[in-house]
file structure.txt (compact mmCIF, N, CA and C atoms)
# COMPACT_ATOMS: atom_id res chain seq x y z
N MET A 19 -46.13 -52.23 76.21
CA MET A 19 -45.00 -52.93 75.63
C MET A 19 -44.48 -53.98 76.62
N THR A 20 -44.29 -55.18 76.17
CA THR A 20 -43.81 -56.25 77.00
C THR A 20 -42.28 -56.22 77.05
N THR A 21 -41.74 -56.29 78.26
CA THR A 21 -40.29 -56.35 78.38
C THR A 21 -39.83 -57.79 78.27
N THR A 22 -38.73 -57.98 77.60
CA THR A 22 -38.19 -59.32 77.45
C THR A 22 -36.85 -59.39 78.15
N LYS A 23 -36.47 -60.59 78.55
CA LYS A 23 -35.19 -60.81 79.21
C LYS A 23 -34.33 -61.74 78.35
N LEU A 24 -33.04 -61.62 78.53
CA LEU A 24 -32.09 -62.43 77.77
C LEU A 24 -31.82 -63.76 78.46
N TYR A 25 -31.80 -64.82 77.68
CA TYR A 25 -31.50 -66.15 78.18
C TYR A 25 -30.53 -66.82 77.22
N LEU A 26 -29.85 -67.84 77.71
CA LEU A 26 -28.98 -68.66 76.88
C LEU A 26 -29.57 -70.06 76.82
N GLY A 27 -29.95 -70.46 75.62
CA GLY A 27 -30.52 -71.79 75.43
C GLY A 27 -29.45 -72.75 74.93
N ILE A 28 -29.47 -73.96 75.48
CA ILE A 28 -28.49 -74.98 75.10
C ILE A 28 -29.24 -76.18 74.56
N ARG A 29 -28.87 -76.60 73.35
CA ARG A 29 -29.47 -77.79 72.78
C ARG A 29 -28.39 -78.59 72.06
N GLY A 30 -28.57 -79.86 72.00
CA GLY A 30 -27.60 -80.68 71.31
C GLY A 30 -27.63 -82.12 71.77
N CYS A 31 -26.71 -82.90 71.23
CA CYS A 31 -26.68 -84.34 71.49
C CYS A 31 -25.91 -84.69 72.75
N ASP A 32 -24.71 -84.15 72.90
CA ASP A 32 -23.85 -84.55 74.01
C ASP A 32 -23.25 -83.32 74.68
N ILE A 33 -23.83 -82.91 75.77
CA ILE A 33 -23.38 -81.71 76.47
C ILE A 33 -21.98 -81.90 77.06
N HIS A 34 -21.65 -83.10 77.53
CA HIS A 34 -20.37 -83.32 78.21
C HIS A 34 -19.17 -83.24 77.27
N SER A 35 -19.30 -83.75 76.06
CA SER A 35 -18.16 -83.71 75.14
C SER A 35 -18.14 -82.44 74.31
N GLY A 36 -19.24 -81.70 74.29
CA GLY A 36 -19.29 -80.47 73.51
C GLY A 36 -19.57 -80.68 72.04
N GLN A 37 -19.84 -81.90 71.63
CA GLN A 37 -20.10 -82.18 70.22
C GLN A 37 -21.56 -81.93 69.88
N TYR A 38 -21.78 -81.21 68.79
CA TYR A 38 -23.11 -80.91 68.28
C TYR A 38 -23.96 -80.14 69.28
N VAL A 39 -23.32 -79.35 70.11
CA VAL A 39 -24.04 -78.55 71.09
C VAL A 39 -24.17 -77.13 70.54
N VAL A 40 -25.38 -76.62 70.56
CA VAL A 40 -25.64 -75.26 70.12
C VAL A 40 -26.02 -74.44 71.33
N ARG A 41 -25.35 -73.31 71.49
CA ARG A 41 -25.64 -72.38 72.58
C ARG A 41 -26.08 -71.09 71.92
N GLU A 42 -27.36 -70.71 72.11
CA GLU A 42 -27.86 -69.51 71.46
C GLU A 42 -28.57 -68.59 72.44
N ILE A 43 -28.40 -67.31 72.21
CA ILE A 43 -29.02 -66.29 73.05
C ILE A 43 -30.40 -66.00 72.47
N PHE A 44 -31.38 -65.91 73.35
CA PHE A 44 -32.73 -65.57 72.91
C PHE A 44 -33.40 -64.70 73.96
N ARG A 45 -34.46 -64.05 73.55
CA ARG A 45 -35.26 -63.21 74.46
C ARG A 45 -36.59 -63.90 74.71
N ALA A 46 -37.08 -63.74 75.93
CA ALA A 46 -38.38 -64.30 76.29
C ALA A 46 -39.10 -63.33 77.23
N ALA A 47 -40.40 -63.20 77.03
CA ALA A 47 -41.21 -62.33 77.88
C ALA A 47 -41.56 -63.00 79.19
N VAL A 48 -41.56 -64.33 79.20
CA VAL A 48 -41.85 -65.09 80.42
C VAL A 48 -40.67 -66.01 80.71
N GLU A 49 -40.57 -66.44 81.94
CA GLU A 49 -39.48 -67.34 82.31
C GLU A 49 -39.61 -68.66 81.55
N PRO A 50 -38.56 -69.08 80.84
CA PRO A 50 -38.63 -70.32 80.08
C PRO A 50 -38.82 -71.54 81.00
N THR A 51 -39.75 -72.38 80.65
CA THR A 51 -39.99 -73.62 81.37
C THR A 51 -39.96 -74.76 80.36
N PHE A 52 -40.05 -75.97 80.87
CA PHE A 52 -40.09 -77.12 79.98
C PHE A 52 -41.31 -77.03 79.06
N ALA A 53 -42.41 -76.53 79.59
CA ALA A 53 -43.64 -76.42 78.80
C ALA A 53 -43.50 -75.41 77.66
N THR A 54 -42.78 -74.31 77.90
CA THR A 54 -42.68 -73.27 76.88
C THR A 54 -41.47 -73.43 75.96
N HIS A 55 -40.37 -73.97 76.45
CA HIS A 55 -39.15 -74.04 75.64
C HIS A 55 -38.51 -75.43 75.62
N GLY A 56 -39.14 -76.41 76.23
CA GLY A 56 -38.55 -77.74 76.34
C GLY A 56 -38.34 -78.46 75.03
N GLU A 57 -39.13 -78.14 74.03
CA GLU A 57 -38.96 -78.80 72.73
C GLU A 57 -37.73 -78.27 71.99
N LYS A 58 -37.33 -77.05 72.32
CA LYS A 58 -36.21 -76.43 71.60
C LYS A 58 -34.88 -76.56 72.33
N TYR A 59 -34.89 -76.50 73.67
CA TYR A 59 -33.65 -76.48 74.44
C TYR A 59 -33.60 -77.59 75.48
N ASN A 60 -32.40 -78.13 75.68
CA ASN A 60 -32.17 -79.09 76.76
C ASN A 60 -32.01 -78.37 78.10
N ALA A 61 -31.45 -77.17 78.04
CA ALA A 61 -31.22 -76.37 79.25
C ALA A 61 -31.30 -74.90 78.89
N VAL A 62 -31.63 -74.08 79.88
CA VAL A 62 -31.68 -72.63 79.71
C VAL A 62 -30.98 -71.99 80.90
N ILE A 63 -30.14 -70.99 80.63
CA ILE A 63 -29.44 -70.25 81.67
C ILE A 63 -29.91 -68.80 81.60
N GLY A 64 -30.19 -68.20 82.73
CA GLY A 64 -30.58 -66.80 82.73
C GLY A 64 -31.64 -66.52 83.76
N PRO A 65 -32.15 -65.32 83.78
CA PRO A 65 -31.97 -64.24 82.82
C PRO A 65 -30.67 -63.47 83.05
N PHE A 66 -30.18 -62.88 81.97
CA PHE A 66 -28.99 -62.05 82.01
C PHE A 66 -29.40 -60.59 82.01
N ARG A 67 -28.62 -59.76 82.68
CA ARG A 67 -28.89 -58.31 82.71
C ARG A 67 -28.38 -57.65 81.44
N THR A 68 -27.26 -58.17 80.89
CA THR A 68 -26.66 -57.55 79.70
C THR A 68 -26.45 -58.58 78.60
N LYS A 69 -26.45 -58.08 77.37
CA LYS A 69 -26.19 -58.96 76.24
C LYS A 69 -24.75 -59.48 76.29
N ARG A 70 -23.82 -58.63 76.73
CA ARG A 70 -22.42 -59.05 76.80
C ARG A 70 -22.24 -60.19 77.80
N GLY A 71 -22.94 -60.14 78.93
CA GLY A 71 -22.87 -61.24 79.88
C GLY A 71 -23.35 -62.54 79.27
N ALA A 72 -24.43 -62.47 78.50
CA ALA A 72 -24.96 -63.66 77.82
C ALA A 72 -23.97 -64.16 76.77
N GLU A 73 -23.34 -63.23 76.05
CA GLU A 73 -22.36 -63.62 75.03
C GLU A 73 -21.15 -64.30 75.65
N LEU A 74 -20.67 -63.76 76.76
CA LEU A 74 -19.52 -64.37 77.43
C LEU A 74 -19.86 -65.78 77.92
N MET A 75 -21.05 -65.96 78.48
CA MET A 75 -21.45 -67.29 78.93
C MET A 75 -21.57 -68.24 77.74
N ARG A 76 -22.10 -67.75 76.63
CA ARG A 76 -22.22 -68.58 75.43
C ARG A 76 -20.85 -69.00 74.91
N ASP A 77 -19.92 -68.04 74.86
CA ASP A 77 -18.62 -68.29 74.24
C ASP A 77 -17.62 -68.99 75.14
N TYR A 78 -17.68 -68.73 76.45
CA TYR A 78 -16.65 -69.24 77.36
C TYR A 78 -17.19 -70.10 78.51
N GLY A 79 -18.49 -70.25 78.62
CA GLY A 79 -19.07 -70.91 79.79
C GLY A 79 -18.99 -72.42 79.81
N ALA A 80 -18.93 -73.06 78.66
CA ALA A 80 -18.95 -74.52 78.61
C ALA A 80 -17.68 -75.10 79.22
N GLY A 81 -17.82 -75.79 80.33
CA GLY A 81 -16.69 -76.45 80.98
C GLY A 81 -15.72 -75.51 81.68
N ASN A 82 -16.07 -74.25 81.82
CA ASN A 82 -15.17 -73.26 82.43
C ASN A 82 -15.58 -73.05 83.89
N PRO A 83 -14.73 -73.38 84.83
CA PRO A 83 -15.09 -73.23 86.24
C PRO A 83 -15.26 -71.78 86.69
N HIS A 84 -14.80 -70.83 85.89
CA HIS A 84 -14.95 -69.42 86.24
C HIS A 84 -16.32 -68.86 85.85
N TYR A 85 -17.03 -69.59 85.02
CA TYR A 85 -18.37 -69.18 84.58
C TYR A 85 -19.40 -70.20 85.07
N GLN A 86 -19.68 -70.17 86.35
CA GLN A 86 -20.63 -71.11 86.93
C GLN A 86 -22.05 -70.55 86.97
N THR A 87 -22.17 -69.23 87.10
CA THR A 87 -23.48 -68.61 87.27
C THR A 87 -23.62 -67.40 86.35
N VAL A 88 -24.85 -66.91 86.26
CA VAL A 88 -25.11 -65.69 85.51
C VAL A 88 -24.30 -64.54 86.11
N ALA A 89 -24.22 -64.48 87.42
CA ALA A 89 -23.47 -63.41 88.09
C ALA A 89 -21.99 -63.44 87.69
N ASP A 90 -21.42 -64.61 87.51
CA ASP A 90 -20.03 -64.70 87.06
C ASP A 90 -19.86 -64.07 85.68
N ALA A 91 -20.74 -64.40 84.76
CA ALA A 91 -20.66 -63.86 83.40
C ALA A 91 -20.85 -62.35 83.42
N GLU A 92 -21.79 -61.86 84.21
CA GLU A 92 -22.02 -60.42 84.30
C GLU A 92 -20.82 -59.71 84.93
N ARG A 93 -20.17 -60.34 85.89
CA ARG A 93 -18.99 -59.76 86.52
C ARG A 93 -17.85 -59.64 85.51
N PHE A 94 -17.63 -60.68 84.71
CA PHE A 94 -16.58 -60.62 83.69
C PHE A 94 -16.92 -59.60 82.61
N ALA A 95 -18.20 -59.42 82.31
CA ALA A 95 -18.60 -58.40 81.34
C ALA A 95 -18.26 -57.01 81.88
N ARG A 96 -18.52 -56.78 83.17
CA ARG A 96 -18.17 -55.49 83.78
C ARG A 96 -16.66 -55.27 83.80
N LEU A 97 -15.90 -56.33 84.12
CA LEU A 97 -14.44 -56.21 84.13
C LEU A 97 -13.90 -55.91 82.74
N GLU A 98 -14.47 -56.54 81.74
CA GLU A 98 -14.05 -56.31 80.36
C GLU A 98 -14.33 -54.86 79.96
N LEU A 99 -15.49 -54.35 80.35
CA LEU A 99 -15.84 -52.97 80.04
C LEU A 99 -14.90 -52.00 80.75
N SER A 100 -14.59 -52.28 82.02
CA SER A 100 -13.66 -51.43 82.77
C SER A 100 -12.27 -51.42 82.13
N ALA A 101 -11.81 -52.58 81.71
CA ALA A 101 -10.51 -52.68 81.08
C ALA A 101 -10.47 -51.91 79.76
N ALA A 102 -11.57 -51.95 79.02
CA ALA A 102 -11.64 -51.22 77.75
C ALA A 102 -11.60 -49.72 77.99
N ARG A 103 -12.22 -49.26 79.06
CA ARG A 103 -12.20 -47.83 79.38
C ARG A 103 -10.81 -47.38 79.77
N VAL A 104 -10.07 -48.22 80.48
CA VAL A 104 -8.71 -47.87 80.92
C VAL A 104 -7.77 -47.79 79.72
N ARG A 105 -7.96 -48.65 78.74
CA ARG A 105 -7.09 -48.69 77.56
C ARG A 105 -7.24 -47.48 76.67
N ARG A 106 -8.35 -46.76 76.76
CA ARG A 106 -8.57 -45.60 75.87
C ARG A 106 -7.61 -44.52 76.09
call {"tool": "encode", "arguments": {"input": "structure.txt", "output": "structure tokens"}}
result
Amino acid sequence: MTTTKLYLGIRGCDIHSGQYVVREIFRAAVEPTFATHGEKYNAVIGPFRTKRGAELMRDYGAGNPHYQTVADAERFARLELSAARVRR
């Protein structure tokens, strides 16, 4: 069985203004390169360890100085999980 890793693919017309930009999470068995994913995405971020980290980067990463790297998104995912456990 091939293991796949989570990545965030970014495609669209204008990344700086955020217009018509699509950020989607996908799985890949090999590291995405221009040769393998260049036709579909302008940029790829990852790999992510957790789906929640990828979701946070997708939802809050654009233009956010707190989400600069995969490690930042994974850290916020862990903090969110810890906070949810405390609230129970």
call {"tool": "atom_distance", "arguments": {"input": "structure.txt", "atom1": "CA of Thr22 in chain A", "atom2": "atom N of Pro50 in chain A"}}
result
10.3 Å
call {"tool": "atom_distance", "arguments": {"input": "structure.txt", "atom1": "CA of Ala46 in chain A", "atom2": "CA of Gly30 in chain A"}}
result
20.2 Å
call {"tool": "atom_distance", "arguments": {"input": "structure.txt", "atom1": "atom C of Arg76 in chain A", "atom2": "atom N of Leu99 in chain A"}}
result
16.5 Å
call {"tool": "closest_residue", "arguments": {"input": "structure.txt", "among": "A:His55, A:Pro65, A:Asn60, A:Tyr85", "to": "Arg29 in chain A", "atoms": "only C-alpha atoms"}}
result
A:Asn60
call {"tool": "select_by_dssp", "arguments": {"input": "structure.txt", "residues": "chain A", "states": "alpha helix (DSSP H)", "output": "PyMOL selection string"}}
result
chain A and resi 52-55+69-78+88-105
call {"tool": "write_last_selection", "arguments": {"input": "structure.txt", "atoms": "N, CA and C atoms", "output": "short mmCIF file (atom, residue, chain, number, x, y, z; two decimals), in the coordinates of the input"}}
result
data_model
loop_
_atom_site.label_atom_id
_atom_site.label_comp_id
_atom_site.auth_asym_id
_atom_site.auth_seq_id
_atom_site.Cartn_x
_atom_site.Cartn_y
_atom_site.Cartn_z
N PHE A 52 -40.05 -75.97 80.87
CA PHE A 52 -40.09 -77.12 79.98
C PHE A 52 -41.31 -77.03 79.06
N ALA A 53 -42.41 -76.53 79.59
CA ALA A 53 -43.64 -76.42 78.80
C ALA A 53 -43.50 -75.41 77.66
N THR A 54 -42.78 -74.31 77.90
CA THR A 54 -42.68 -73.27 76.88
C THR A 54 -41.47 -73.43 75.96
N HIS A 55 -40.37 -73.97 76.45
CA HIS A 55 -39.15 -74.04 75.64
C HIS A 55 -38.51 -75.43 75.62
N LYS A 69 -26.45 -58.08 77.37
CA LYS A 69 -26.19 -58.96 76.24
C LYS A 69 -24.75 -59.48 76.29
N ARG A 70 -23.82 -58.63 76.73
CA ARG A 70 -22.42 -59.05 76.80
C ARG A 70 -22.24 -60.19 77.80
N GLY A 71 -22.94 -60.14 78.93
CA GLY A 71 -22.87 -61.24 79.88
C GLY A 71 -23.35 -62.54 79.27
N ALA A 72 -24.43 -62.47 78.50
CA ALA A 72 -24.96 -63.66 77.82
C ALA A 72 -23.97 -64.16 76.77
N GLU A 73 -23.34 -63.23 76.05
CA GLU A 73 -22.36 -63.62 75.03
C GLU A 73 -21.15 -64.30 75.65
N LEU A 74 -20.67 -63.76 76.76
CA LEU A 74 -19.52 -64.37 77.43
C LEU A 74 -19.86 -65.78 77.92
N MET A 75 -21.05 -65.96 78.48
CA MET A 75 -21.45 -67.29 78.93
C MET A 75 -21.57 -68.24 77.74
N ARG A 76 -22.10 -67.75 76.63
CA ARG A 76 -22.22 -68.58 75.43
C ARG A 76 -20.85 -69.00 74.91
N ASP A 77 -19.92 -68.04 74.86
CA ASP A 77 -18.62 -68.29 74.24
C ASP A 77 -17.62 -68.99 75.14
N TYR A 78 -17.68 -68.73 76.45
CA TYR A 78 -16.65 -69.24 77.36
C TYR A 78 -17.19 -70.10 78.51
N VAL A 88 -24.85 -66.91 86.26
CA VAL A 88 -25.11 -65.69 85.51
C VAL A 88 -24.30 -64.54 86.11
N ALA A 89 -24.22 -64.48 87.42
CA ALA A 89 -23.47 -63.41 88.09
C ALA A 89 -21.99 -63.44 87.69
N ASP A 90 -21.42 -64.61 87.51
CA ASP A 90 -20.03 -64.70 87.06
C ASP A 90 -19.86 -64.07 85.68
N ALA A 91 -20.74 -64.40 84.76
CA ALA A 91 -20.66 -63.86 83.40
C ALA A 91 -20.85 -62.35 83.42
N GLU A 92 -21.79 -61.86 84.21
CA GLU A 92 -22.02 -60.42 84.30
C GLU A 92 -20.82 -59.71 84.93
N ARG A 93 -20.17 -60.34 85.89
CA ARG A 93 -18.99 -59.76 86.52
C ARG A 93 -17.85 -59.64 85.51
N PHE A 94 -17.63 -60.68 84.71
CA PHE A 94 -16.58 -60.62 83.69
C PHE A 94 -16.92 -59.60 82.61
N ALA A 95 -18.20 -59.42 82.31
CA ALA A 95 -18.60 -58.40 81.34
C ALA A 95 -18.26 -57.01 81.88
N ARG A 96 -18.52 -56.78 83.17
CA ARG A 96 -18.17 -55.49 83.78
C ARG A 96 -16.66 -55.27 83.80
N LEU A 97 -15.90 -56.33 84.12
CA LEU A 97 -14.44 -56.21 84.13
C LEU A 97 -13.90 -55.91 82.74
N GLU A 98 -14.47 -56.54 81.74
CA GLU A 98 -14.05 -56.31 80.36
C GLU A 98 -14.33 -54.86 79.96
N LEU A 99 -15.49 -54.35 80.35
CA LEU A 99 -15.84 -52.97 80.04
C LEU A 99 -14.90 -52.00 80.75
N SER A 100 -14.59 -52.28 82.02
CA SER A 100 -13.66 -51.43 82.77
C SER A 100 -12.27 -51.42 82.13
N ALA A 101 -11.81 -52.58 81.71
CA ALA A 101 -10.51 -52.68 81.08
C ALA A 101 -10.47 -51.91 79.76
N ALA A 102 -11.57 -51.95 79.02
CA ALA A 102 -11.64 -51.22 77.75
C ALA A 102 -11.60 -49.72 77.99
N ARG A 103 -12.22 -49.26 79.06
CA ARG A 103 -12.20 -47.83 79.38
C ARG A 103 -10.81 -47.38 79.77
N VAL A 104 -10.07 -48.22 80.48
CA VAL A 104 -8.71 -47.87 80.92
C VAL A 104 -7.77 -47.79 79.72
N ARG A 105 -7.96 -48.65 78.74
CA ARG A 105 -7.09 -48.69 77.56
C ARG A 105 -7.24 -47.48 76.67
#
call {"tool": "residues_around", "arguments": {"input": "structure.txt", "residues": "Ala91 in chain A", "least_positions_apart": "2", "cutoff": "6.5 Å", "atoms": "only N, CA and C atoms", "output": "PyMOL selection string"}}
result
chain A and resi 70-72+74-75+84-89+93-96
call {"tool": "residues_around", "arguments": {"input": "structure.txt", "residues": "Leu24 in chain A", "least_positions_apart": "6", "cutoff": "6.5 Å", "atoms": "all atoms listed in the file", "output": "short mmCIF file (atom, residue, chain, number, x, y, z; two decimals) with N, CA and C atoms, in the frame of the given file"}}
result
data_model
loop_
_atom_site.label_atom_id
_atom_site.label_comp_id
_atom_site.auth_asym_id
_atom_site.auth_seq_id
_atom_site.Cartn_x
_atom_site.Cartn_y
_atom_site.Cartn_z
N PHE A 44 -31.38 -65.91 73.35
CA PHE A 44 -32.73 -65.57 72.91
C PHE A 44 -33.40 -64.70 73.96
N ARG A 45 -34.46 -64.05 73.55
CA ARG A 45 -35.26 -63.21 74.46
C ARG A 45 -36.59 -63.90 74.71
N ALA A 46 -37.08 -63.74 75.93
CA ALA A 46 -38.38 -64.30 76.29
C ALA A 46 -39.10 -63.33 77.23
N ILE A 63 -30.14 -70.99 80.63
CA ILE A 63 -29.44 -70.25 81.67
C ILE A 63 -29.91 -68.80 81.60
N GLY A 64 -30.19 -68.20 82.73
CA GLY A 64 -30.58 -66.80 82.73
C GLY A 64 -31.64 -66.52 83.76
N PRO A 65 -32.15 -65.32 83.78
CA PRO A 65 -31.97 -64.24 82.82
C PRO A 65 -30.67 -63.47 83.05
N PHE A 66 -30.18 -62.88 81.97
CA PHE A 66 -28.99 -62.05 82.01
C PHE A 66 -29.40 -60.59 82.01
N ARG A 67 -28.62 -59.76 82.68
CA ARG A 67 -28.89 -58.31 82.71
C ARG A 67 -28.38 -57.65 81.44
#
call {"tool": "axis_aligned_box", "arguments": {"input": "structure.txt", "around": "range 74-88 of chain A", "padding_each_side": "4 Å", "output": "lines of an AutoDock Vina configuration file"}}
result
center_x = -19.9
center_y = -70.1
center_z = 80.8
size_x = 18.4
size_y = 20.7
size_z = 21.0
call {"tool": "select_by_dssp", "arguments": {"input": "structure.txt", "residues": "chain A", "states": "strand (DSSP E)", "output": "list in words"}}
result
Lys23, Leu24, Tyr25, Leu26, Gly27, Ile28, Arg29, Gly30, Cys31, Asp32, Gln37, Tyr38, Val39, Val40, Arg41, Glu42, Ile43, Phe44, Arg45, Ala46, Ala61, Val62, Ile63, Gly64, Pro65 and Phe66 of chain A
call {"tool": "decode", "arguments": {"input": "structure.txt", "residues": "range 59-72 of chain A", "atoms": "N, CA and C atoms", "output": "PDB file, in the first residue's frame"}}
result
ATOM      1  N   TYR A  59      -1.640  23.435 -10.462  1.00  0.00           N
ATOM      2  CA  TYR A  59      -1.412  24.388  -9.369  1.00  0.00           C
ATOM      3  C   TYR A  59      -0.296  25.373  -9.699  1.00  0.00           C
ATOM      4  N   ASN A  60      -0.479  26.612  -9.235  1.00  0.00           N
ATOM      5  CA  ASN A  60       0.580  27.618  -9.331  1.00  0.00           C
ATOM      6  C   ASN A  60       1.610  27.419  -8.226  1.00  0.00           C
ATOM      7  N   ALA A  61       1.148  26.933  -7.078  1.00  0.00           N
ATOM      8  CA  ALA A  61       2.023  26.704  -5.927  1.00  0.00           C
ATOM      9  C   ALA A  61       1.479  25.543  -5.115  1.00  0.00           C
ATOM     10  N   VAL A  62       2.373  24.886  -4.388  1.00  0.00           N
ATOM     11  CA  VAL A  62       1.991  23.788  -3.502  1.00  0.00           C
ATOM     12  C   VAL A  62       2.702  23.990  -2.166  1.00  0.00           C
ATOM     13  N   ILE A  63       1.964  23.808  -1.068  1.00  0.00           N
ATOM     14  CA  ILE A  63       2.521  23.915   0.275  1.00  0.00           C
ATOM     15  C   ILE A  63       2.386  22.551   0.941  1.00  0.00           C
ATOM     16  N   GLY A  64       3.427  22.105   1.607  1.00  0.00           N
ATOM     17  CA  GLY A  64       3.340  20.839   2.314  1.00  0.00           C
ATOM     18  C   GLY A  64       4.629  20.064   2.237  1.00  0.00           C
ATOM     19  N   PRO A  65       4.640  18.866   2.745  1.00  0.00           N
ATOM     20  CA  PRO A  65       3.518  18.070   3.222  1.00  0.00           C
ATOM     21  C   PRO A  65       3.105  18.444   4.645  1.00  0.00           C
ATOM     22  N   PHE A  66       1.833  18.194   4.937  1.00  0.00           N
ATOM     23  CA  PHE A  66       1.278  18.422   6.258  1.00  0.00           C
ATOM     24  C   PHE A  66       1.191  17.098   7.000  1.00  0.00           C
ATOM     25  N   ARG A  67       1.367  17.136   8.304  1.00  0.00           N
ATOM     26  CA  ARG A  67       1.250  15.925   9.128  1.00  0.00           C
ATOM     27  C   ARG A  67      -0.213  15.608   9.406  1.00  0.00           C
ATOM     28  N   THR A  68      -1.049  16.662   9.547  1.00  0.00           N
ATOM     29  CA  THR A  68      -2.458  16.447   9.884  1.00  0.00           C
ATOM     30  C   THR A  68      -3.366  17.153   8.888  1.00  0.00           C
ATOM     31  N   LYS A  69      -4.574  16.615   8.756  1.00  0.00           N
ATOM     32  CA  LYS A  69      -5.554  17.247   7.880  1.00  0.00           C
ATOM     33  C   LYS A  69      -5.965  18.607   8.445  1.00  0.00           C
ATOM     34  N   ARG A  70      -6.053  18.704   9.773  1.00  0.00           N
ATOM     35  CA  ARG A  70      -6.453  19.976  10.391  1.00  0.00           C
ATOM     36  C   ARG A  70      -5.426  21.064  10.117  1.00  0.00           C
ATOM     37  N   GLY A  71      -4.138  20.721  10.149  1.00  0.00           N
ATOM     38  CA  GLY A  71      -3.107  21.696   9.810  1.00  0.00           C
ATOM     39  C   GLY A  71      -3.268  22.207   8.387  1.00  0.00           C
ATOM     40  N   ALA A  72      -3.568  21.299   7.464  1.00  0.00           N
ATOM     41  CA  ALA A  72      -3.787  21.692   6.065  1.00  0.00           C
ATOM     42  C   ALA A  72      -5.035  22.562   5.935  1.00  0.00           C
TER      43      ALA A  72
END
